[in-house]
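Structure file input39.cif (mmCIF, N, CA and C atoms) is printed below.
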```cif
data_my_file
#
loop_
_atom_site.label_atom_id
_atom_site.label_comp_id
_atom_site.auth_asym_id
_atom_site.auth_seq_id
_atom_site.Cartn_x
_atom_site.Cartn_y
_atom_site.Cartn_z
N MET J 1 -1.78 29.25 -8.96
CA MET J 1 -1.08 28.37 -9.90
C MET J 1 0.41 28.35 -9.53
N PHE J 2 1.01 27.19 -9.73
CA PHE J 2 2.41 26.98 -9.39
C PHE J 2 3.22 26.66 -10.63
N SER J 3 4.40 27.23 -10.72
CA SER J 3 5.33 26.84 -11.78
C SER J 3 5.91 25.49 -11.41
N ILE J 4 6.55 24.84 -12.35
CA ILE J 4 7.17 23.54 -12.06
C ILE J 4 8.28 23.71 -11.02
N GLY J 5 8.97 24.85 -11.06
CA GLY J 5 10.01 25.13 -10.07
C GLY J 5 9.42 25.30 -8.67
N ALA J 6 8.28 26.00 -8.57
CA ALA J 6 7.63 26.18 -7.27
C ALA J 6 7.12 24.84 -6.75
N LEU J 7 6.60 24.02 -7.64
CA LEU J 7 6.15 22.67 -7.26
C LEU J 7 7.33 21.88 -6.70
N SER J 8 8.46 21.99 -7.37
CA SER J 8 9.67 21.30 -6.94
C SER J 8 10.11 21.76 -5.55
N ARG J 9 10.14 23.06 -5.35
CA ARG J 9 10.57 23.60 -4.06
C ARG J 9 9.63 23.20 -2.93
N GLN J 10 8.33 23.20 -3.20
CA GLN J 10 7.36 22.90 -2.15
C GLN J 10 7.29 21.42 -1.80
N THR J 11 7.66 20.56 -2.74
CA THR J 11 7.55 19.12 -2.48
C THR J 11 8.90 18.44 -2.28
N GLY J 12 9.98 19.09 -2.71
CA GLY J 12 11.29 18.46 -2.64
C GLY J 12 11.53 17.48 -3.77
N VAL J 13 10.66 17.47 -4.76
CA VAL J 13 10.81 16.60 -5.93
C VAL J 13 11.50 17.40 -7.03
N LYS J 14 12.56 16.86 -7.59
CA LYS J 14 13.31 17.58 -8.60
C LYS J 14 12.49 17.72 -9.89
N VAL J 15 12.76 18.80 -10.61
CA VAL J 15 12.02 19.10 -11.84
C VAL J 15 12.06 17.94 -12.83
N PRO J 16 13.23 17.32 -13.10
CA PRO J 16 13.21 16.19 -14.04
C PRO J 16 12.33 15.03 -13.55
N THR J 17 12.25 14.84 -12.25
CA THR J 17 11.41 13.78 -11.71
C THR J 17 9.94 14.14 -11.89
N ILE J 18 9.60 15.39 -11.71
CA ILE J 18 8.21 15.84 -11.96
C ILE J 18 7.85 15.56 -13.41
N ARG J 19 8.74 15.89 -14.32
CA ARG J 19 8.48 15.62 -15.74
C ARG J 19 8.33 14.12 -16.00
N TYR J 20 9.17 13.33 -15.31
CA TYR J 20 9.07 11.87 -15.46
C TYR J 20 7.70 11.38 -14.98
N TYR J 21 7.25 11.89 -13.84
CA TYR J 21 5.94 11.49 -13.33
C TYR J 21 4.82 11.88 -14.31
N GLU J 22 4.99 12.99 -14.97
CA GLU J 22 4.02 13.37 -16.00
C GLU J 22 4.04 12.36 -17.15
N GLN J 23 5.23 12.05 -17.63
CA GLN J 23 5.36 11.10 -18.75
C GLN J 23 4.85 9.72 -18.37
N ALA J 24 5.02 9.35 -17.11
CA ALA J 24 4.58 8.03 -16.64
C ALA J 24 3.07 8.01 -16.35
N GLY J 25 2.43 9.17 -16.44
CA GLY J 25 0.99 9.23 -16.23
C GLY J 25 0.57 9.31 -14.77
N LEU J 26 1.51 9.56 -13.87
CA LEU J 26 1.17 9.68 -12.45
C LEU J 26 0.68 11.07 -12.10
N LEU J 27 1.17 12.05 -12.83
CA LEU J 27 0.84 13.45 -12.57
C LEU J 27 0.38 14.07 -13.88
N PRO J 28 -0.82 14.65 -13.89
CA PRO J 28 -1.25 15.31 -15.13
C PRO J 28 -0.29 16.44 -15.49
N GLU J 29 -0.02 16.56 -16.76
CA GLU J 29 0.87 17.64 -17.22
C GLU J 29 0.24 18.97 -16.90
N GLY J 30 1.06 19.91 -16.43
CA GLY J 30 0.56 21.23 -16.10
C GLY J 30 0.03 21.96 -17.32
N GLU J 31 -0.89 22.85 -17.07
CA GLU J 31 -1.41 23.68 -18.16
C GLU J 31 -0.28 24.58 -18.64
N ARG J 32 -0.31 24.92 -19.93
CA ARG J 32 0.74 25.77 -20.50
C ARG J 32 0.27 27.21 -20.56
N THR J 33 1.18 28.11 -20.21
CA THR J 33 0.89 29.53 -20.33
C THR J 33 1.16 29.97 -21.77
N ALA J 34 0.89 31.23 -22.04
CA ALA J 34 1.17 31.76 -23.37
C ALA J 34 2.67 31.67 -23.67
N GLY J 35 3.50 31.71 -22.63
CA GLY J 35 4.94 31.58 -22.78
C GLY J 35 5.41 30.13 -22.75
N ASN J 36 4.48 29.19 -22.81
CA ASN J 36 4.73 27.75 -22.86
C ASN J 36 5.33 27.19 -21.57
N GLN J 37 5.06 27.87 -20.45
CA GLN J 37 5.51 27.37 -19.16
C GLN J 37 4.40 26.55 -18.52
N ARG J 38 4.82 25.51 -17.82
CA ARG J 38 3.84 24.67 -17.12
C ARG J 38 3.33 25.40 -15.87
N ARG J 39 2.05 25.26 -15.61
CA ARG J 39 1.43 25.79 -14.40
C ARG J 39 0.52 24.70 -13.83
N TYR J 40 0.61 24.55 -12.50
CA TYR J 40 -0.12 23.50 -11.81
C TYR J 40 -1.01 24.13 -10.75
N GLY J 41 -2.16 23.54 -10.54
CA GLY J 41 -3.06 23.99 -9.50
C GLY J 41 -2.79 23.25 -8.19
N ARG J 42 -3.63 23.53 -7.21
CA ARG J 42 -3.50 22.89 -5.90
C ARG J 42 -3.61 21.37 -6.00
N ALA J 43 -4.46 20.89 -6.89
CA ALA J 43 -4.63 19.44 -7.06
C ALA J 43 -3.31 18.79 -7.51
N GLY J 44 -2.58 19.46 -8.40
CA GLY J 44 -1.29 18.93 -8.85
C GLY J 44 -0.29 18.90 -7.72
N LEU J 45 -0.28 19.95 -6.91
CA LEU J 45 0.61 20.01 -5.76
C LEU J 45 0.29 18.89 -4.77
N ASP J 46 -1.00 18.73 -4.47
CA ASP J 46 -1.42 17.68 -3.54
C ASP J 46 -1.06 16.29 -4.07
N ARG J 47 -1.26 16.08 -5.35
CA ARG J 47 -0.94 14.78 -5.96
C ARG J 47 0.56 14.50 -5.89
N LEU J 48 1.36 15.53 -6.14
CA LEU J 48 2.81 15.35 -6.07
C LEU J 48 3.27 15.09 -4.63
N HIS J 49 2.64 15.75 -3.66
CA HIS J 49 2.93 15.44 -2.25
C HIS J 49 2.61 13.97 -1.95
N PHE J 50 1.48 13.50 -2.45
CA PHE J 50 1.07 12.10 -2.26
C PHE J 50 2.13 11.16 -2.85
N ILE J 51 2.54 11.43 -4.09
CA ILE J 51 3.54 10.59 -4.76
C ILE J 51 4.84 10.61 -3.98
N ARG J 52 5.27 11.78 -3.56
CA ARG J 52 6.52 11.91 -2.81
C ARG J 52 6.47 11.12 -1.50
N HIS J 53 5.36 11.25 -0.78
CA HIS J 53 5.22 10.55 0.49
C HIS J 53 5.22 9.03 0.26
N ALA J 54 4.51 8.58 -0.75
CA ALA J 54 4.47 7.15 -1.07
C ALA J 54 5.86 6.64 -1.45
N ARG J 55 6.61 7.43 -2.22
CA ARG J 55 7.99 7.04 -2.58
C ARG J 55 8.88 7.01 -1.35
N ASP J 56 8.70 7.98 -0.45
CA ASP J 56 9.48 7.99 0.79
C ASP J 56 9.21 6.73 1.62
N LEU J 57 8.01 6.18 1.51
CA LEU J 57 7.67 4.94 2.20
C LEU J 57 8.14 3.71 1.44
N GLY J 58 8.77 3.94 0.28
CA GLY J 58 9.35 2.84 -0.48
C GLY J 58 8.40 2.15 -1.44
N LEU J 59 7.23 2.70 -1.63
CA LEU J 59 6.28 2.07 -2.56
C LEU J 59 6.78 2.19 -4.00
N PRO J 60 6.67 1.11 -4.76
CA PRO J 60 7.06 1.18 -6.16
C PRO J 60 6.06 2.01 -6.97
N LEU J 61 6.50 2.50 -8.11
CA LEU J 61 5.64 3.38 -8.92
C LEU J 61 4.35 2.71 -9.33
N GLU J 62 4.38 1.42 -9.63
CA GLU J 62 3.14 0.74 -10.02
C GLU J 62 2.13 0.70 -8.88
N ALA J 63 2.60 0.52 -7.66
CA ALA J 63 1.70 0.54 -6.51
C ALA J 63 1.13 1.95 -6.32
N ILE J 64 1.97 2.95 -6.52
CA ILE J 64 1.51 4.34 -6.41
C ILE J 64 0.48 4.63 -7.48
N ARG J 65 0.74 4.15 -8.69
CA ARG J 65 -0.22 4.34 -9.79
C ARG J 65 -1.58 3.74 -9.39
N HIS J 66 -1.55 2.53 -8.85
CA HIS J 66 -2.80 1.87 -8.46
C HIS J 66 -3.49 2.63 -7.33
N LEU J 67 -2.72 3.11 -6.35
CA LEU J 67 -3.31 3.90 -5.26
C LEU J 67 -3.95 5.18 -5.79
N LEU J 68 -3.29 5.82 -6.74
CA LEU J 68 -3.86 7.03 -7.33
C LEU J 68 -5.15 6.71 -8.08
N GLU J 69 -5.17 5.59 -8.78
CA GLU J 69 -6.39 5.18 -9.48
C GLU J 69 -7.51 4.93 -8.49
N LEU J 70 -7.18 4.25 -7.38
CA LEU J 70 -8.19 4.01 -6.35
C LEU J 70 -8.69 5.32 -5.77
N SER J 71 -7.78 6.25 -5.54
CA SER J 71 -8.15 7.55 -4.99
C SER J 71 -9.05 8.31 -5.97
N ASP J 72 -8.69 8.25 -7.25
CA ASP J 72 -9.47 8.95 -8.26
C ASP J 72 -10.89 8.39 -8.38
N LYS J 73 -11.05 7.12 -8.02
CA LYS J 73 -12.36 6.46 -8.13
C LYS J 73 -13.17 6.55 -6.85
N GLY J 74 -12.64 7.18 -5.83
CA GLY J 74 -13.43 7.36 -4.62
C GLY J 74 -12.91 6.64 -3.40
N ARG J 75 -11.62 6.41 -3.33
CA ARG J 75 -10.98 5.90 -2.12
C ARG J 75 -11.42 4.49 -1.74
N ASP J 76 -11.10 3.52 -2.53
CA ASP J 76 -11.35 2.12 -2.23
C ASP J 76 -10.38 1.66 -1.16
N CYS J 77 -10.84 1.62 0.09
CA CYS J 77 -9.96 1.29 1.20
C CYS J 77 -9.44 -0.14 1.12
N HIS J 78 -10.28 -1.07 0.68
CA HIS J 78 -9.85 -2.47 0.62
C HIS J 78 -8.63 -2.61 -0.30
N GLY J 79 -8.70 -2.05 -1.48
CA GLY J 79 -7.58 -2.12 -2.42
C GLY J 79 -6.33 -1.43 -1.89
N ALA J 80 -6.52 -0.31 -1.23
CA ALA J 80 -5.38 0.43 -0.67
C ALA J 80 -4.72 -0.38 0.44
N HIS J 81 -5.53 -1.00 1.28
CA HIS J 81 -4.98 -1.81 2.37
C HIS J 81 -4.25 -3.04 1.82
N GLU J 82 -4.76 -3.60 0.76
CA GLU J 82 -4.09 -4.75 0.14
C GLU J 82 -2.70 -4.35 -0.37
N ILE J 83 -2.60 -3.19 -1.00
CA ILE J 83 -1.31 -2.69 -1.47
C ILE J 83 -0.37 -2.46 -0.29
N ALA J 84 -0.89 -1.86 0.78
CA ALA J 84 -0.06 -1.60 1.96
C ALA J 84 0.40 -2.91 2.60
N ARG J 85 -0.48 -3.90 2.71
CA ARG J 85 -0.10 -5.20 3.29
C ARG J 85 0.99 -5.87 2.47
N ASP J 86 0.83 -5.84 1.15
CA ASP J 86 1.85 -6.44 0.27
C ASP J 86 3.19 -5.74 0.44
N HIS J 87 3.16 -4.43 0.50
CA HIS J 87 4.41 -3.67 0.64
C HIS J 87 5.04 -3.93 2.01
N LEU J 88 4.22 -4.01 3.04
CA LEU J 88 4.73 -4.29 4.38
C LEU J 88 5.40 -5.67 4.41
N ALA J 89 4.81 -6.65 3.76
CA ALA J 89 5.42 -7.99 3.71
C ALA J 89 6.77 -7.91 3.01
N ASP J 90 6.85 -7.13 1.94
CA ASP J 90 8.11 -6.96 1.22
C ASP J 90 9.15 -6.27 2.11
N VAL J 91 8.74 -5.24 2.82
CA VAL J 91 9.65 -4.53 3.73
C VAL J 91 10.16 -5.47 4.81
N ARG J 92 9.28 -6.26 5.38
CA ARG J 92 9.70 -7.20 6.42
C ARG J 92 10.68 -8.23 5.87
N SER J 93 10.44 -8.68 4.66
CA SER J 93 11.35 -9.63 4.02
C SER J 93 12.73 -9.01 3.82
N ARG J 94 12.76 -7.76 3.38
CA ARG J 94 14.04 -7.07 3.20
C ARG J 94 14.75 -6.85 4.53
N ILE J 95 13.98 -6.54 5.57
CA ILE J 95 14.59 -6.36 6.90
C ILE J 95 15.23 -7.66 7.35
N THR J 96 14.56 -8.77 7.15
CA THR J 96 15.11 -10.08 7.52
C THR J 96 16.42 -10.32 6.78
N ARG J 97 16.42 -10.04 5.49
CA ARG J 97 17.64 -10.22 4.69
C ARG J 97 18.74 -9.28 5.17
N LEU J 98 18.40 -8.04 5.46
CA LEU J 98 19.41 -7.09 5.94
C LEU J 98 19.98 -7.51 7.29
N LYS J 99 19.17 -8.09 8.15
CA LYS J 99 19.68 -8.58 9.44
C LYS J 99 20.67 -9.72 9.22
N ARG J 100 20.38 -10.61 8.24
CA ARG J 100 21.33 -11.68 7.92
C ARG J 100 22.64 -11.08 7.39
N LEU J 101 22.52 -10.06 6.55
CA LEU J 101 23.71 -9.40 6.02
C LEU J 101 24.51 -8.74 7.14
N GLU J 102 23.82 -8.11 8.07
CA GLU J 102 24.50 -7.46 9.20
C GLU J 102 25.30 -8.49 10.00
N THR J 103 24.66 -9.60 10.31
CA THR J 103 25.33 -10.65 11.08
C THR J 103 26.55 -11.17 10.33
N GLU J 104 26.40 -11.40 9.03
CA GLU J 104 27.51 -11.93 8.24
C GLU J 104 28.65 -10.92 8.12
N LEU J 105 28.32 -9.65 7.93
CA LEU J 105 29.37 -8.63 7.85
C LEU J 105 30.10 -8.48 9.18
N GLU J 106 29.38 -8.55 10.28
CA GLU J 106 30.03 -8.49 11.59
C GLU J 106 30.99 -9.66 11.75
N ARG J 107 30.54 -10.85 11.34
CA ARG J 107 31.39 -12.04 11.46
C ARG J 107 32.63 -11.92 10.57
N LEU J 108 32.44 -11.46 9.33
CA LEU J 108 33.58 -11.31 8.42
C LEU J 108 34.56 -10.26 8.91
N ALA J 109 34.05 -9.15 9.44
CA ALA J 109 34.93 -8.10 9.95
C ALA J 109 35.75 -8.61 11.12
N ALA J 110 35.19 -9.51 11.90
CA ALA J 110 35.90 -10.05 13.06
C ALA J 110 37.00 -11.03 12.65
N THR J 111 37.01 -11.48 11.38
CA THR J 111 38.05 -12.41 10.94
C THR J 111 39.39 -11.73 10.75
N CYS J 112 39.41 -10.43 10.74
CA CYS J 112 40.64 -9.69 10.48
C CYS J 112 41.22 -9.19 11.81
N ASP J 113 42.50 -9.52 12.04
CA ASP J 113 43.13 -9.07 13.29
C ASP J 113 43.97 -7.80 13.09
N HIS J 114 43.97 -7.23 11.90
CA HIS J 114 44.65 -5.98 11.59
C HIS J 114 46.17 -6.06 11.79
N ALA J 115 46.73 -7.23 11.69
CA ALA J 115 48.18 -7.37 11.89
C ALA J 115 48.93 -6.73 10.72
N PRO J 116 49.89 -5.81 11.01
CA PRO J 116 50.65 -5.17 9.93
C PRO J 116 51.43 -6.21 9.11
N GLY J 117 51.38 -6.05 7.82
CA GLY J 117 52.12 -6.93 6.93
C GLY J 117 51.43 -8.26 6.64
N GLU J 118 50.35 -8.54 7.35
CA GLU J 118 49.60 -9.78 7.13
C GLU J 118 48.44 -9.51 6.17
N PRO J 119 48.04 -10.54 5.43
CA PRO J 119 46.87 -10.35 4.56
C PRO J 119 45.64 -9.99 5.38
N CYS J 120 44.83 -9.16 4.82
CA CYS J 120 43.60 -8.73 5.50
C CYS J 120 42.57 -9.86 5.41
N GLY J 121 42.16 -10.36 6.55
CA GLY J 121 41.18 -11.44 6.60
C GLY J 121 39.85 -11.04 6.00
N LEU J 122 39.47 -9.81 6.18
CA LEU J 122 38.19 -9.34 5.63
C LEU J 122 38.23 -9.36 4.11
N ILE J 123 39.31 -8.83 3.53
CA ILE J 123 39.43 -8.82 2.06
C ILE J 123 39.47 -10.24 1.53
N GLU J 124 40.18 -11.12 2.20
CA GLU J 124 40.23 -12.52 1.76
C GLU J 124 38.84 -13.16 1.84
N ALA J 125 38.11 -12.88 2.91
CA ALA J 125 36.77 -13.45 3.07
C ALA J 125 35.82 -12.92 2.00
N LEU J 126 35.95 -11.64 1.66
CA LEU J 126 35.09 -11.07 0.61
C LEU J 126 35.41 -11.68 -0.75
N GLY J 127 36.64 -12.12 -0.94
CA GLY J 127 37.04 -12.73 -2.20
C GLY J 127 36.70 -14.19 -2.29
N ASP J 128 36.26 -14.79 -1.20
CA ASP J 128 35.96 -16.23 -1.18
C ASP J 128 34.59 -16.44 -0.54
N HIS J 129 33.58 -16.57 -1.37
CA HIS J 129 32.21 -16.73 -0.87
C HIS J 129 32.06 -17.98 0.00
N GLY J 130 32.95 -18.92 -0.18
CA GLY J 130 32.93 -20.14 0.62
C GLY J 130 33.18 -19.90 2.09
N GLN J 131 33.76 -18.75 2.45
CA GLN J 131 33.99 -18.43 3.85
C GLN J 131 32.73 -17.88 4.55
N CYS J 132 31.70 -17.67 3.77
CA CYS J 132 30.47 -17.15 4.37
C CYS J 132 29.77 -18.26 5.15
N SER J 133 29.06 -17.88 6.18
CA SER J 133 28.41 -18.88 7.03
C SER J 133 27.08 -19.36 6.48
N GLY J 134 26.55 -18.69 5.48
CA GLY J 134 25.27 -19.11 4.91
C GLY J 134 24.85 -18.21 3.78
N ALA J 135 23.63 -18.42 3.33
CA ALA J 135 23.09 -17.61 2.23
C ALA J 135 22.78 -16.20 2.72
N HIS J 136 23.04 -15.25 1.86
CA HIS J 136 22.70 -13.85 2.20
C HIS J 136 22.42 -13.07 0.95
#
```
In structure tokens, write the structure found in this file.
Amino acid sequence: MFSIGALSRQTGVKVPTIRYYEQAGLLPEGERTAGNQRRYGRAGLDRLHFIRHARDLGLPLEAIRHLLELSDKGRDCHGAHEIARDHLADVRSRITRLKRLETELERLAATCDHAPGEPCGLIEALGDHGQCSGAH
């Protein structure tokens, strides 16, 4: 059995986050000892590792909840792959947007010649959205 602190140390998930996952129904609340301390078994540790890994991959909590439900029902691969495909499409969309932002920031930074006593072109460009080359 693991205390909530041991669970935290082994997974890298902070204690308040573990409690939040319990309240959100992602992680069953640990059994209470006579001293009212939470204790978790190996299944709780494994589930928290799963949640942590899914969060590290950027999956939203609702997708993680659905994946856990699928896992609890016997590993429905079709549903899991659908969630992964949707998330991958979202990640690709964000990457595209970030690349546009990168290009725009490079262009804006190049507008400034760093001349002493002159207005900073970058600050002026950030204050005037009209100087942007497109949507971002």
Exercise for the section: Name every residue that the PyMOL selection byres (((chain J and resi 74-85 and name CA) around 12) and name CA) selects in this structure, writing the answer as a ChimeraX atom specification with chains first and numbers rising. Expected result: /J:54,57-73,86-92
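Reported to one decimal place, the separation of atom CA of J:Ser93 from atom CA of J:Arg55 is 18.2 Å.
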List, as an mmCIF file with N, CA and C atoms, keeping the file's coordinate frame, every residue that the PyMOL selection byres ((chain J and resi 39) around 6) selects in the file provided.
```
data_model
loop_
_atom_site.group_PDB
_atom_site.id
_atom_site.type_symbol
_atom_site.label_atom_id
_atom_site.label_comp_id
_atom_site.auth_asym_id
_atom_site.auth_seq_id
_atom_site.Cartn_x
_atom_site.Cartn_y
_atom_site.Cartn_z
ATOM 1 N N MET J 1 -1.780 29.250 -8.960
ATOM 2 C CA MET J 1 -1.080 28.370 -9.900
ATOM 3 C C MET J 1 0.410 28.350 -9.530
ATOM 4 N N PHE J 2 1.010 27.190 -9.730
ATOM 5 C CA PHE J 2 2.410 26.980 -9.390
ATOM 6 C C PHE J 2 3.220 26.660 -10.630
ATOM 7 N N SER J 3 4.400 27.230 -10.720
ATOM 8 C CA SER J 3 5.330 26.840 -11.780
ATOM 9 C C SER J 3 5.910 25.490 -11.410
ATOM 10 N N ILE J 4 6.550 24.840 -12.350
ATOM 11 C CA ILE J 4 7.170 23.540 -12.060
ATOM 12 C C ILE J 4 8.280 23.710 -11.020
ATOM 13 N N GLY J 30 1.060 19.910 -16.430
ATOM 14 C CA GLY J 30 0.560 21.230 -16.100
ATOM 15 C C GLY J 30 0.030 21.960 -17.320
ATOM 16 N N GLU J 31 -0.890 22.850 -17.070
ATOM 17 C CA GLU J 31 -1.410 23.680 -18.160
ATOM 18 C C GLU J 31 -0.280 24.580 -18.640
ATOM 19 N N ARG J 32 -0.310 24.920 -19.930
ATOM 20 C CA ARG J 32 0.740 25.770 -20.500
ATOM 21 C C ARG J 32 0.270 27.210 -20.560
ATOM 22 N N THR J 33 1.180 28.110 -20.210
ATOM 23 C CA THR J 33 0.890 29.530 -20.330
ATOM 24 C C THR J 33 1.160 29.970 -21.770
ATOM 25 N N GLN J 37 5.060 27.870 -20.450
ATOM 26 C CA GLN J 37 5.510 27.370 -19.160
ATOM 27 C C GLN J 37 4.400 26.550 -18.520
ATOM 28 N N ARG J 38 4.820 25.510 -17.820
ATOM 29 C CA ARG J 38 3.840 24.670 -17.120
ATOM 30 C C ARG J 38 3.330 25.400 -15.870
ATOM 31 N N TYR J 40 0.610 24.550 -12.500
ATOM 32 C CA TYR J 40 -0.120 23.500 -11.810
ATOM 33 C C TYR J 40 -1.010 24.130 -10.750
ATOM 34 N N GLY J 41 -2.160 23.540 -10.540
ATOM 35 C CA GLY J 41 -3.060 23.990 -9.500
ATOM 36 C C GLY J 41 -2.790 23.250 -8.190
#
```
Practice task
Would you mind listing what lies within 8 Å of J:Ile123 as a list in words, with all atoms listed in the file counted and same-chain residues fewer than 5 positions away left out?
Solution key: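 My reading of the contact set: Leu108, Ala109, Thr111, Cys112 and Asp128 of chain J.
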Practice task
Using DSSP on the backbone coordinates, identify all residues within stretch 15-109 of chain J classified as helix (DSSP H, G or I); present the result as a ChimeraX atom specification.
Solution key: /J:15-23,42-56,61-72,77-109
Exercise for the section: Rounded to one decimal place, report the atom CA of J:Gly117-atom CA of J:Glu104 distance in Å. Expected result: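 Separation between atom CA of J:Gly117 and atom CA of J:Glu104: 25.1 Å.
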Exercise for the section: For each of J:His53, J:Arg100, J:Arg107, J:Arg19, take the minimum atom-to-atom distance to J:Leu7, counting only C-alpha atoms, then give the residue where this is smallest. Expected result: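 Among the listed residues, J:Arg19 lies closest to J:Leu7.
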Output stretch 116-123 of chain J with all heavy atoms present, as a PDB file, in the coordinates of the input.
```pdb
ATOM      1  N   PRO J 116      49.890  -5.810  11.010  1.00  0.00           N
ATOM      2  CA  PRO J 116      50.650  -5.170   9.930  1.00  0.00           C
ATOM      3  C   PRO J 116      51.430  -6.210   9.110  1.00  0.00           C
ATOM      4  O   PRO J 116      52.025  -7.137   9.664  1.00  0.00           O
ATOM      5  CB  PRO J 116      51.605  -4.235  10.675  1.00  0.00           C
ATOM      6  CG  PRO J 116      51.043  -4.077  12.049  1.00  0.00           C
ATOM      7  CD  PRO J 116      50.267  -5.324  12.326  1.00  0.00           C
ATOM      8  N   GLY J 117      51.380  -6.050   7.820  1.00  0.00           N
ATOM      9  CA  GLY J 117      52.120  -6.930   6.930  1.00  0.00           C
ATOM     10  C   GLY J 117      51.430  -8.260   6.640  1.00  0.00           C
ATOM     11  O   GLY J 117      51.872  -9.020   5.795  1.00  0.00           O
ATOM     12  N   GLU J 118      50.350  -8.540   7.350  1.00  0.00           N
ATOM     13  CA  GLU J 118      49.600  -9.780   7.130  1.00  0.00           C
ATOM     14  C   GLU J 118      48.440  -9.510   6.170  1.00  0.00           C
ATOM     15  O   GLU J 118      47.922  -8.410   6.108  1.00  0.00           O
ATOM     16  CB  GLU J 118      49.054 -10.314   8.458  1.00  0.00           C
ATOM     17  CG  GLU J 118      50.121 -10.727   9.443  1.00  0.00           C
ATOM     18  CD  GLU J 118      50.905 -11.936   8.960  1.00  0.00           C
ATOM     19  OE1 GLU J 118      50.288 -12.876   8.417  1.00  0.00           O
ATOM     20  OE2 GLU J 118      52.150 -11.923   9.117  1.00  0.00           O
ATOM     21  N   PRO J 119      48.040 -10.540   5.430  1.00  0.00           N
ATOM     22  CA  PRO J 119      46.870 -10.350   4.560  1.00  0.00           C
ATOM     23  C   PRO J 119      45.640  -9.990   5.380  1.00  0.00           C
ATOM     24  O   PRO J 119      45.476 -10.474   6.510  1.00  0.00           O
ATOM     25  CB  PRO J 119      46.684 -11.719   3.893  1.00  0.00           C
ATOM     26  CG  PRO J 119      47.953 -12.457   4.123  1.00  0.00           C
ATOM     27  CD  PRO J 119      48.595 -11.874   5.349  1.00  0.00           C
ATOM     28  N   CYS J 120      44.830  -9.160   4.820  1.00  0.00           N
ATOM     29  CA  CYS J 120      43.600  -8.730   5.500  1.00  0.00           C
ATOM     30  C   CYS J 120      42.570  -9.860   5.410  1.00  0.00           C
ATOM     31  O   CYS J 120      42.138 -10.233   4.322  1.00  0.00           O
ATOM     32  CB  CYS J 120      43.066  -7.455   4.866  1.00  0.00           C
ATOM     33  SG  CYS J 120      41.506  -6.903   5.586  1.00  0.00           S
ATOM     34  N   GLY J 121      42.160 -10.360   6.550  1.00  0.00           N
ATOM     35  CA  GLY J 121      41.180 -11.440   6.600  1.00  0.00           C
ATOM     36  C   GLY J 121      39.850 -11.040   6.000  1.00  0.00           C
ATOM     37  O   GLY J 121      39.168 -11.854   5.376  1.00  0.00           O
ATOM     38  N   LEU J 122      39.470  -9.810   6.180  1.00  0.00           N
ATOM     39  CA  LEU J 122      38.190  -9.340   5.630  1.00  0.00           C
ATOM     40  C   LEU J 122      38.230  -9.360   4.110  1.00  0.00           C
ATOM     41  O   LEU J 122      37.312  -9.851   3.461  1.00  0.00           O
ATOM     42  CB  LEU J 122      37.862  -7.934   6.145  1.00  0.00           C
ATOM     43  CG  LEU J 122      36.607  -7.288   5.574  1.00  0.00           C
ATOM     44  CD1 LEU J 122      35.372  -8.137   5.874  1.00  0.00           C
ATOM     45  CD2 LEU J 122      36.439  -5.885   6.120  1.00  0.00           C
ATOM     46  N   ILE J 123      39.310  -8.830   3.530  1.00  0.00           N
ATOM     47  CA  ILE J 123      39.430  -8.820   2.060  1.00  0.00           C
ATOM     48  C   ILE J 123      39.470 -10.240   1.530  1.00  0.00           C
ATOM     49  O   ILE J 123      38.823 -10.553   0.523  1.00  0.00           O
ATOM     50  CB  ILE J 123      40.654  -7.994   1.624  1.00  0.00           C
ATOM     51  CG1 ILE J 123      40.402  -6.507   1.920  1.00  0.00           C
ATOM     52  CG2 ILE J 123      40.956  -8.214   0.146  1.00  0.00           C
ATOM     53  CD1 ILE J 123      41.561  -5.604   1.661  1.00  0.00           C
TER      54      ILE J 123
END
```
